[in-house]
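Visitor: Structure provided below as C-alpha cells; questions to follow.
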Amino acid sequence: MPTTSGSIRRLVLTPSFRKVTFTGRGFPGAPSAGTEHLDSIPHAVLCGFEWGVDTHDQWELERRLNMVRPELLGFAYEGATMACTILDALPGGSGKTAALLNGPGRPHLFLAYIGIGFAMARLPRRLWRKVVPDLTTSPYHPVMSWLAVDGYGFDRAYFDTRRWVDEQREIRPYPWQGRPDYFPRAIDQGIGRALWFIHAARSGAVAEAVGRFPAHRRADLWSG
C-alpha cells in the first residue's frame, strides 16, 4: 500500500502521463507509430518514479518494477532512481539510492545514473555534490556517473524546450569529478539525445536542429 506522505510527494512532483507524451509536449510533427513507441519510455520512467516515491521499502519497489516489460525495465529503474535521489536529498534521507543501485538496480546502472540527472533538475545546485552514492562495488563508478549530467541535459531540453533548445541556453560550469570544463559538454550530450525524442527519431529534422546550434556545440550534440 502507498504511504500518505509518498502520495503527497508524488502528486507534487510527477507530471501526468499525457504531459510527457509527444503531443502533450507540443513537439513538432504528426503523431505516428514511432511517437507512440517513444512515448512508452517516459511512461515507464514515470511509473518507476511514482513507485519509488510511494513504496514502503525496496522489496516492494523491486517487485513492482519487475512487472514492467523487459525492454522498458531499465527506464522504470531510471525513474525509481530519480525518486530515491530526491528522497535522499530531503531531511532524513536514508541511503535509498545506494541500496537500490548496489542491489536490484545494478544491472541498469547506466540508465540509473541518468535518473540521478533527472533528480538534479529538481534539486538546488548546492545539493548536487551529494546525489551520486559511492558505488565501490561497480567497475563503472565513478567514471560513468557523467551520465547523470547527460540526464540533466536531457531533462532540461525535454521539459523546457524553448529555453534549452530554441534559445540554446548554456549552463555555467560545475566541478563534476573535478572537470568543470567538461560539464557543459556532457549537458549538450543529453540535449542531443533529447533532440531525437523531440523530433520523433526523424533524422533529417534532428540534423536541422543540431545545425541551428553554434558549431562548437555540435559534436557533443551529435554524440548524444
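FYI, nothing fancy with the C-alpha cells labels: chains A, B, ... in order, residues from 1 per chain, ligands from 1 as they appear.
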According to DSSP computed on the backbone, where in segment 152-194 of chain A is there alpha helix (DSSP H)? Give the residues as a count of residues only.
Guide: 21
Visitor: Which neighbours of segment 157-162 of chain A fall inside 10 Å, counting only C-alpha atoms, when residues of the same chain fewer than 2 positions from it are skipped, and could you give them as a list in words?
Guide: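 My list of contacting residues is Lys19, Val20, Arg25, Gly26, Phe27, Gly151, Tyr152, Gly153, Phe154, Asp155, Trp164, Val165, Asp166, Glu167, Gln168, Arg169, Ile187, Asp188, Gly190, Ile191, Gly192, Arg193, Ala194, Leu195, Phe197 and Ile198 of chain A.
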Visitor: Residues at most 10 Å from segment 59-75 of chain A, counting only C-alpha atoms, excluding those fewer than 5 positions away in the same chain, as a PyMOL selection string?
Guide: chain A and resi 1+40-54+80-81+100+103-105+107-112+114-115
Visitor: Next, dump the selected residues to file, keeping only N, CA, C and O atoms, as a tab-separated table (two decimals), in the first residue's frame.
Guide:
```tsv
chain	number	residue	atom	x	y	z
A	1	MET	N	0.84	-1.20	0.00
A	1	MET	CA	0.00	0.00	0.00
A	1	MET	C	0.87	1.25	0.00
A	1	MET	O	1.90	1.29	0.66
A	40	SER	N	6.26	5.45	-24.80
A	40	SER	CA	6.29	4.40	-23.78
A	40	SER	C	7.49	4.53	-22.85
A	40	SER	O	7.46	4.05	-21.71
A	41	ILE	N	8.54	5.21	-23.31
A	41	ILE	CA	9.74	5.35	-22.49
A	41	ILE	C	9.51	6.31	-21.32
A	41	ILE	O	9.72	5.92	-20.16
A	42	PRO	N	9.06	7.56	-21.56
A	42	PRO	CA	8.77	8.40	-20.37
A	42	PRO	C	7.66	7.84	-19.50
A	42	PRO	O	7.66	8.07	-18.29
A	43	HIS	N	6.73	7.08	-20.08
A	43	HIS	CA	5.70	6.48	-19.24
A	43	HIS	C	6.31	5.46	-18.28
A	43	HIS	O	5.92	5.39	-17.10
A	44	ALA	N	7.28	4.68	-18.75
A	44	ALA	CA	7.95	3.73	-17.87
A	44	ALA	C	8.74	4.46	-16.79
A	44	ALA	O	8.77	4.03	-15.63
A	45	VAL	N	9.38	5.57	-17.17
A	45	VAL	CA	10.12	6.37	-16.19
A	45	VAL	C	9.17	6.88	-15.11
A	45	VAL	O	9.49	6.82	-13.91
A	46	LEU	N	8.00	7.37	-15.52
A	46	LEU	CA	7.04	7.90	-14.54
A	46	LEU	C	6.54	6.80	-13.61
A	46	LEU	O	6.39	7.03	-12.41
A	47	CYS	N	6.29	5.62	-14.15
A	47	CYS	CA	5.86	4.51	-13.28
A	47	CYS	C	6.93	4.23	-12.22
A	47	CYS	O	6.62	4.09	-11.03
A	48	GLY	N	8.19	4.14	-12.67
A	48	GLY	CA	9.27	3.89	-11.72
A	48	GLY	C	9.38	4.99	-10.67
A	48	GLY	O	9.61	4.72	-9.49
A	49	PHE	N	9.21	6.23	-11.11
A	49	PHE	CA	9.29	7.35	-10.17
A	49	PHE	C	8.17	7.28	-9.13
A	49	PHE	O	8.42	7.42	-7.93
A	50	GLU	N	6.95	7.06	-9.60
A	50	GLU	CA	5.82	7.01	-8.67
A	50	GLU	C	6.00	5.88	-7.66
A	50	GLU	O	5.75	6.05	-6.46
A	51	TRP	N	6.43	4.73	-8.14
A	51	TRP	CA	6.65	3.62	-7.22
A	51	TRP	C	7.79	3.90	-6.26
A	51	TRP	O	7.73	3.55	-5.08
A	52	GLY	N	8.85	4.56	-6.75
A	52	GLY	CA	9.97	4.89	-5.89
A	52	GLY	C	9.59	5.83	-4.76
A	52	GLY	O	10.11	5.73	-3.64
A	53	VAL	N	8.69	6.75	-5.05
A	53	VAL	CA	8.23	7.69	-4.03
A	53	VAL	C	7.25	7.02	-3.06
A	53	VAL	O	7.26	7.27	-1.86
A	54	ASP	N	6.43	6.14	-3.60
A	54	ASP	CA	5.25	5.66	-2.87
A	54	ASP	C	5.46	4.43	-2.01
A	54	ASP	O	4.70	4.20	-1.08
A	80	ALA	N	12.78	5.19	-10.84
A	80	ALA	CA	12.89	4.84	-9.42
A	80	ALA	C	14.13	5.46	-8.80
A	80	ALA	O	14.10	5.93	-7.65
A	81	THR	N	15.22	5.47	-9.56
A	81	THR	CA	16.45	6.10	-9.06
A	81	THR	C	16.26	7.60	-8.87
A	81	THR	O	16.75	8.18	-7.90
A	100	LEU	N	19.47	0.81	-3.72
A	100	LEU	CA	18.87	0.38	-4.99
A	100	LEU	C	19.94	0.02	-6.01
A	100	LEU	O	19.86	-1.02	-6.68
A	103	GLY	N	21.92	-3.01	-5.31
A	103	GLY	CA	21.06	-4.18	-5.27
A	103	GLY	C	20.41	-4.44	-6.62
A	103	GLY	O	21.10	-4.63	-7.63
A	104	PRO	N	19.08	-4.42	-6.68
A	104	PRO	CA	18.39	-4.82	-7.92
A	104	PRO	C	18.61	-3.87	-9.09
A	104	PRO	O	18.43	-4.25	-10.24
A	105	GLY	N	19.00	-2.63	-8.81
A	105	GLY	CA	19.24	-1.68	-9.89
A	105	GLY	C	20.59	-1.81	-10.56
A	105	GLY	O	20.86	-1.15	-11.57
A	107	PRO	N	22.04	-4.03	-12.56
A	107	PRO	CA	22.08	-4.31	-13.99
A	107	PRO	C	21.65	-3.14	-14.87
A	107	PRO	O	21.87	-3.16	-16.09
A	108	HIS	N	21.04	-2.14	-14.27
A	108	HIS	CA	20.52	-0.99	-15.02
A	108	HIS	C	21.27	0.29	-14.65
A	108	HIS	O	20.71	1.39	-14.73
A	109	LEU	N	22.54	0.15	-14.28
A	109	LEU	CA	23.26	1.27	-13.68
A	109	LEU	C	23.35	2.47	-14.61
A	109	LEU	O	23.19	3.60	-14.17
A	110	PHE	N	23.61	2.26	-15.89
A	110	PHE	CA	23.79	3.40	-16.79
A	110	PHE	C	22.51	4.24	-16.86
A	110	PHE	O	22.56	5.48	-16.80
A	111	LEU	N	21.36	3.59	-17.00
A	111	LEU	CA	20.11	4.33	-17.00
A	111	LEU	C	19.81	4.92	-15.63
A	111	LEU	O	19.23	6.00	-15.53
A	112	ALA	N	20.23	4.23	-14.58
A	112	ALA	CA	20.02	4.76	-13.23
A	112	ALA	C	20.78	6.07	-13.03
A	112	ALA	O	20.27	7.01	-12.41
A	114	ILE	N	21.33	8.23	-15.27
A	114	ILE	CA	20.53	9.24	-15.94
A	114	ILE	C	19.37	9.68	-15.05
A	114	ILE	O	19.02	10.87	-14.99
A	115	GLY	N	18.79	8.74	-14.32
A	115	GLY	CA	17.74	9.09	-13.37
A	115	GLY	C	18.22	10.04	-12.29
A	115	GLY	O	17.47	10.91	-11.82
```
Visitor: For segment 30-37 of chain A, work out the shell of residues within 10 Å, counting only C-alpha atoms and skipping chain neighbours fewer than 6 positions away, then give it as a PyMOL selection string.
Guide: chain A and resi 21-23+197-202
Visitor: Given only C-alpha atoms, how would the per-residue table for segment 118-165 of chain A near segment 172-182 of chain A read, listing every residue at most 9 Å away with its closest atom pair and distance in Å to one decimal, sorted by chain and number, as a Markdown table?
Guide:
```
| residue | atom | partner | partner_atom | distance |
| --- | --- | --- | --- | --- |
| A:Arg129 | CA | A:Trp176 | CA | 8.1 |
| A:Pro142 | CA | A:Gln177 | CA | 8.1 |
| A:Val143 | CA | A:Gln177 | CA | 8.2 |
| A:Ser145 | CA | A:Gln177 | CA | 8.8 |
| A:Trp146 | CA | A:Trp176 | CA | 7.9 |
| A:Val149 | CA | A:Trp176 | CA | 8.5 |
```
Visitor: Just write the chosen residues, all heavy atoms, as a compact mmCIF listing (two decimals), in the first residue's frame.
Guide:
```
# COMPACT_ATOMS: atom_id res chain seq x y z
N ARG A 129 26.35 17.85 -5.09
CA ARG A 129 27.55 17.11 -4.70
C ARG A 129 27.22 15.86 -3.89
O ARG A 129 28.08 14.99 -3.70
CB ARG A 129 28.49 18.01 -3.90
CG ARG A 129 27.92 18.51 -2.59
CD ARG A 129 28.86 19.51 -1.91
NE ARG A 129 28.32 20.02 -0.67
CZ ARG A 129 28.44 19.43 0.50
NH1 ARG A 129 29.11 18.28 0.60
NH2 ARG A 129 27.93 19.96 1.59
N PRO A 142 33.54 5.86 -10.54
CA PRO A 142 32.61 6.96 -10.78
C PRO A 142 32.60 7.47 -12.22
O PRO A 142 31.88 8.42 -12.53
CB PRO A 142 33.14 8.04 -9.85
CG PRO A 142 34.62 7.84 -9.91
CD PRO A 142 34.84 6.35 -10.01
N VAL A 143 33.41 6.87 -13.11
CA VAL A 143 33.57 7.44 -14.46
C VAL A 143 32.23 7.61 -15.16
O VAL A 143 31.93 8.67 -15.73
CB VAL A 143 34.52 6.57 -15.30
CG1 VAL A 143 34.58 7.09 -16.73
CG2 VAL A 143 35.91 6.56 -14.70
N SER A 145 29.40 8.06 -14.01
CA SER A 145 28.44 8.98 -13.38
C SER A 145 28.26 10.25 -14.21
O SER A 145 27.35 11.03 -13.94
CB SER A 145 28.87 9.33 -11.95
OG SER A 145 29.97 10.21 -11.94
N TRP A 146 29.10 10.44 -15.22
CA TRP A 146 28.86 11.54 -16.16
C TRP A 146 27.49 11.39 -16.83
O TRP A 146 26.92 12.39 -17.33
CB TRP A 146 29.96 11.59 -17.21
CG TRP A 146 31.19 12.29 -16.73
CD1 TRP A 146 32.38 11.71 -16.37
CD2 TRP A 146 31.38 13.70 -16.56
NE1 TRP A 146 33.28 12.67 -15.98
CE2 TRP A 146 32.70 13.90 -16.09
CE3 TRP A 146 30.56 14.82 -16.76
CZ2 TRP A 146 33.21 15.17 -15.82
CZ3 TRP A 146 31.07 16.08 -16.48
CH2 TRP A 146 32.38 16.24 -16.02
N VAL A 149 24.96 13.80 -15.60
CA VAL A 149 24.98 15.13 -16.21
C VAL A 149 24.25 15.10 -17.55
O VAL A 149 23.50 16.01 -17.90
CB VAL A 149 26.44 15.62 -16.38
CG1 VAL A 149 26.46 17.05 -16.89
CG2 VAL A 149 27.19 15.50 -15.05
```
Visitor: Do a neighbour search on Leu87 of chain A at 12 Å with only C-alpha atoms, toss out local chain neighbours closer than 2 positions, and write the hits as a PyMOL selection string.
Guide: chain A and resi 5-6+9-10+13+49+52-55+80-85+89-98+116+119-120+122-123+130-131
Visitor: Just want the 8 Å neighbourhood of segment 216-218 of chain A, counted on only C-alpha atoms, with same-chain residues fewer than 4 positions away dropped. Output as a PyMOL selection string.
Guide: chain A and resi 185+188+210-211+222
